[in-house]
Amino acid sequence: MANESVPASQHRVRGAALGLPREGPGSLAGFGRRAGAFVVDAFASALATGLVTAPDLPGNWSLLTFGVMTVVFLVVTGQTPGMRLLGLRLAHPQQGRRLAPWRAVVRTGLLVLLVPALVVDGDGRGLHDRLTDTAVVRERG
């Protein structure tokens, strides 16, 4: 069998079109880490809301808590508590700038719907990140 190699021009490097490194800090985060951060944030939102709604379950009120928490943390720190815990951050389209509140609101609104986050491009970015020109990247190796 002949050893066929794929030309370098046909290799797709995740994040290259965005000017991101292939791996390490600043590279695009994988689905597992992003999903893990989402679960941490969802659980934290439900827990915080449950403290207010007790003895009743938080129900859909936790969605409101999730939305507010996510928007505030993204605008102020560039990462949610789940992202921080898993070593991720949200990359702004212009490096070094703080995320505009409208980007955080639109991104979070789509994330709450969940489906846009599952519709990904070749880089693995969800629709919510593509529409707001953002990307979840690794903060540490």
# chains A, B, ... in the order shown; residues from 1 in each chain; ligands from 1
>>> closest_atom_pairs(of="range 16-92 of chain A", to="range 100-108 of chain A", cutoff="7 Å", atoms="only C-alpha atoms", output="CSV")
residue,atom,partner,partner_atom,distance
A:Gly67,CA,A:Thr108,CA,6.2
A:Thr70,CA,A:Thr108,CA,6.8
A:Val71,CA,A:Ala104,CA,5.2
A:Leu74,CA,A:Ala104,CA,6.4
A:Val75,CA,A:Pro101,CA,6.0
>>> select_by_dssp(residues="range 59-108 of chain A", states="helix (DSSP H, G or I)", output="MDAnalysis selection string")
chainID A and resid 61:76 81:85 101:108
>>> write_last_selection(atoms="C-alpha atoms", output="mmCIF file, in the first residue's frame")
data_model
loop_
_atom_site.group_PDB
_atom_site.id
_atom_site.type_symbol
_atom_site.label_atom_id
_atom_site.label_comp_id
_atom_site.auth_asym_id
_atom_site.auth_seq_id
_atom_site.Cartn_x
_atom_site.Cartn_y
_atom_site.Cartn_z
ATOM 1 C CA TRP A 61 -36.344 30.703 37.524
ATOM 2 C CA SER A 62 -32.886 29.144 37.336
ATOM 3 C CA LEU A 63 -32.824 30.061 33.612
ATOM 4 C CA LEU A 64 -33.164 33.713 34.575
ATOM 5 C CA THR A 65 -30.395 33.331 37.139
ATOM 6 C CA PHE A 66 -28.230 31.542 34.561
ATOM 7 C CA GLY A 67 -28.784 34.330 32.023
ATOM 8 C CA VAL A 68 -28.066 37.185 34.402
ATOM 9 C CA MET A 69 -25.063 35.432 35.953
ATOM 10 C CA THR A 70 -23.581 34.585 32.557
ATOM 11 C CA VAL A 71 -24.004 38.072 31.093
ATOM 12 C CA VAL A 72 -22.595 39.822 34.165
ATOM 13 C CA PHE A 73 -19.588 37.525 34.498
ATOM 14 C CA LEU A 74 -18.782 37.641 30.764
ATOM 15 C CA VAL A 75 -18.913 41.441 30.650
ATOM 16 C CA VAL A 76 -16.994 41.978 33.904
ATOM 17 C CA PRO A 81 -17.493 30.590 37.070
ATOM 18 C CA GLY A 82 -17.634 27.288 35.137
ATOM 19 C CA MET A 83 -15.192 28.613 32.550
ATOM 20 C CA ARG A 84 -12.856 29.791 35.289
ATOM 21 C CA LEU A 85 -12.982 26.436 37.048
ATOM 22 C CA PRO A 101 -22.971 43.876 26.889
ATOM 23 C CA TRP A 102 -24.981 43.309 23.687
ATOM 24 C CA ARG A 103 -22.630 40.496 22.653
ATOM 25 C CA ALA A 104 -22.982 38.876 26.077
ATOM 26 C CA VAL A 105 -26.792 39.172 26.004
ATOM 27 C CA VAL A 106 -27.151 37.759 22.467
ATOM 28 C CA ARG A 107 -24.645 34.966 23.109
ATOM 29 C CA THR A 108 -26.296 33.986 26.397
#
>>> closest_atom_pairs(of="range 25-98 of chain A", to="range 115-128 of chain A", cutoff="10 Å", atoms="only C-alpha atoms", output="tab-separated table")
residue	atom	partner	partner_atom	distance
A:Leu28	CA	A:Asp123	CA	7.8
A:Ala29	CA	A:Gly124	CA	8.5
A:Gly30	CA	A:Gly124	CA	7.5
A:Phe31	CA	A:Gly124	CA	7.4
A:Arg34	CA	A:Ala117	CA	9.9
A:Ala35	CA	A:Ala117	CA	9.6
>>> residues_around(residues="Ser27 in chain A", least_positions_apart="5", cutoff="12 Å", atoms="only C-alpha atoms", output="list in words")
Val13, Arg14, Gly15, Ala16, Ala17, Leu18, Gly19, Leu20, Pro21, Arg22, Gly87, Leu88, Arg89, Leu90, Ala91, Asp123, Gly124, Arg125, Ala135, Val136, Val137, Arg138, Glu139, Arg140 and Gly141 of chain A
>>> atom_distance(atom1="CA of Glu23 in chain A", atom2="CA of Gly36 in chain A")
19.0 Å
>>> decode(residues="chain A", atoms="C-alpha atoms", output="short mmCIF file (atom, residue, chain, number, x, y, z; two decimals), in the first residue's frame")
data_model
loop_
_atom_site.label_atom_id
_atom_site.label_comp_id
_atom_site.auth_asym_id
_atom_site.auth_seq_id
_atom_site.Cartn_x
_atom_site.Cartn_y
_atom_site.Cartn_z
CA MET A 1 0.00 0.00 0.00
CA ALA A 2 1.41 3.38 -0.95
CA ASN A 3 2.00 5.95 1.75
CA GLU A 4 -0.30 8.76 0.74
CA SER A 5 0.13 11.98 2.63
CA VAL A 6 -2.33 14.82 2.62
CA PRO A 7 -0.87 18.10 1.37
CA ALA A 8 -0.40 20.73 4.08
CA SER A 9 -2.85 23.01 2.26
CA GLN A 10 -5.65 20.51 2.93
CA HIS A 11 -5.05 20.26 6.70
CA ARG A 12 -7.56 22.31 8.62
CA VAL A 13 -6.09 23.74 11.79
CA ARG A 14 -8.83 24.60 14.31
CA GLY A 15 -8.80 28.30 15.04
CA ALA A 16 -6.29 29.23 12.32
CA ALA A 17 -8.87 31.36 10.48
CA LEU A 18 -9.40 33.25 13.74
CA GLY A 19 -5.68 33.77 14.31
CA LEU A 20 -5.63 31.41 17.29
CA PRO A 21 -2.84 28.97 18.14
CA ARG A 22 -3.24 25.28 17.35
CA GLU A 23 -2.91 24.17 21.00
CA GLY A 24 -2.15 25.47 24.48
CA PRO A 25 -3.35 28.73 26.01
CA GLY A 26 -5.40 30.80 23.57
CA SER A 27 -6.38 27.80 21.44
CA LEU A 28 -10.01 26.88 20.88
CA ALA A 29 -11.51 24.89 23.73
CA GLY A 30 -12.83 21.42 23.01
CA PHE A 31 -16.48 20.44 23.29
CA GLY A 32 -15.99 18.46 26.52
CA ARG A 33 -14.52 21.39 28.44
CA ARG A 34 -17.11 23.82 27.11
CA ALA A 35 -19.94 21.43 28.01
CA GLY A 36 -18.41 20.92 31.46
CA ALA A 37 -18.32 24.68 32.07
CA PHE A 38 -21.97 24.92 30.98
CA VAL A 39 -22.98 22.16 33.42
CA VAL A 40 -21.11 23.85 36.29
CA ASP A 41 -22.80 27.18 35.52
CA ALA A 42 -26.24 25.56 35.18
CA PHE A 43 -25.82 23.74 38.49
CA ALA A 44 -24.59 26.91 40.24
CA SER A 45 -27.58 28.84 38.86
CA ALA A 46 -30.04 26.20 40.02
CA LEU A 47 -28.40 26.10 43.46
CA ALA A 48 -28.42 29.89 43.86
CA THR A 49 -32.03 30.11 42.70
CA GLY A 50 -32.99 27.23 44.97
CA LEU A 51 -31.77 29.20 47.97
CA VAL A 52 -34.33 31.89 47.11
CA THR A 53 -37.23 29.62 46.12
CA ALA A 54 -36.79 27.05 48.94
CA PRO A 55 -38.61 24.95 49.97
CA ASP A 56 -39.92 24.89 46.38
CA LEU A 57 -37.71 23.79 43.50
CA PRO A 58 -36.22 26.62 41.39
CA GLY A 59 -37.95 25.54 38.17
CA ASN A 60 -37.48 27.88 35.24
CA TRP A 61 -36.34 30.70 37.52
CA SER A 62 -32.89 29.14 37.34
CA LEU A 63 -32.82 30.06 33.61
CA LEU A 64 -33.16 33.71 34.57
CA THR A 65 -30.39 33.33 37.14
CA PHE A 66 -28.23 31.54 34.56
CA GLY A 67 -28.78 34.33 32.02
CA VAL A 68 -28.07 37.18 34.40
CA MET A 69 -25.06 35.43 35.95
CA THR A 70 -23.58 34.58 32.56
CA VAL A 71 -24.00 38.07 31.09
CA VAL A 72 -22.60 39.82 34.16
CA PHE A 73 -19.59 37.52 34.50
CA LEU A 74 -18.78 37.64 30.76
CA VAL A 75 -18.91 41.44 30.65
CA VAL A 76 -16.99 41.98 33.90
CA THR A 77 -14.42 39.15 33.84
CA GLY A 78 -14.65 37.53 30.38
CA GLN A 79 -15.47 34.13 31.87
CA THR A 80 -18.23 32.45 33.83
CA PRO A 81 -17.49 30.59 37.07
CA GLY A 82 -17.63 27.29 35.14
CA MET A 83 -15.19 28.61 32.55
CA ARG A 84 -12.86 29.79 35.29
CA LEU A 85 -12.98 26.44 37.05
CA LEU A 86 -12.14 24.58 33.82
CA GLY A 87 -9.48 27.02 32.61
CA LEU A 88 -11.47 28.68 29.81
CA ARG A 89 -12.29 32.24 28.82
CA LEU A 90 -14.27 34.00 26.13
CA ALA A 91 -12.07 35.54 23.45
CA HIS A 92 -13.20 38.96 22.27
CA PRO A 93 -13.03 39.74 18.53
CA GLN A 94 -10.55 42.53 19.35
CA GLN A 95 -7.89 41.27 21.72
CA GLY A 96 -7.56 43.11 25.03
CA ARG A 97 -11.03 44.66 24.94
CA ARG A 98 -13.91 43.96 27.27
CA LEU A 99 -16.95 42.17 25.85
CA ALA A 100 -19.78 44.54 24.92
CA PRO A 101 -22.97 43.88 26.89
CA TRP A 102 -24.98 43.31 23.69
CA ARG A 103 -22.63 40.50 22.65
CA ALA A 104 -22.98 38.88 26.08
CA VAL A 105 -26.79 39.17 26.00
CA VAL A 106 -27.15 37.76 22.47
CA ARG A 107 -24.65 34.97 23.11
CA THR A 108 -26.30 33.99 26.40
CA GLY A 109 -29.82 34.16 24.94
CA LEU A 110 -28.81 31.72 22.22
CA LEU A 111 -26.94 29.53 24.70
CA VAL A 112 -30.08 29.21 26.85
CA LEU A 113 -31.86 27.79 23.81
CA LEU A 114 -29.08 25.14 23.75
CA VAL A 115 -29.57 24.13 20.09
CA PRO A 116 -27.46 27.02 18.68
CA ALA A 117 -24.58 25.85 20.87
CA LEU A 118 -24.80 22.41 19.27
CA VAL A 119 -24.72 23.76 15.69
CA VAL A 120 -20.97 24.04 15.19
CA ASP A 121 -18.65 25.09 12.38
CA GLY A 122 -15.39 23.48 11.29
CA ASP A 123 -13.61 25.11 14.22
CA GLY A 124 -16.14 23.70 16.69
CA ARG A 125 -17.59 27.13 17.49
CA GLY A 126 -21.31 27.15 18.18
CA LEU A 127 -23.79 29.39 16.38
CA HIS A 128 -23.99 31.61 19.48
CA ASP A 129 -20.24 32.30 19.22
CA ARG A 130 -20.24 32.77 15.44
CA LEU A 131 -23.07 35.33 15.59
CA THR A 132 -21.31 37.35 18.30
CA ASP A 133 -17.82 36.93 16.78
CA THR A 134 -16.48 35.29 19.93
CA ALA A 135 -14.77 32.00 20.77
CA VAL A 136 -14.23 30.00 23.94
CA VAL A 137 -10.50 29.45 24.32
CA ARG A 138 -8.23 27.70 26.76
CA GLU A 139 -6.81 30.02 29.37
CA ARG A 140 -4.23 27.53 30.52
CA GLY A 141 -2.71 24.43 28.95
#
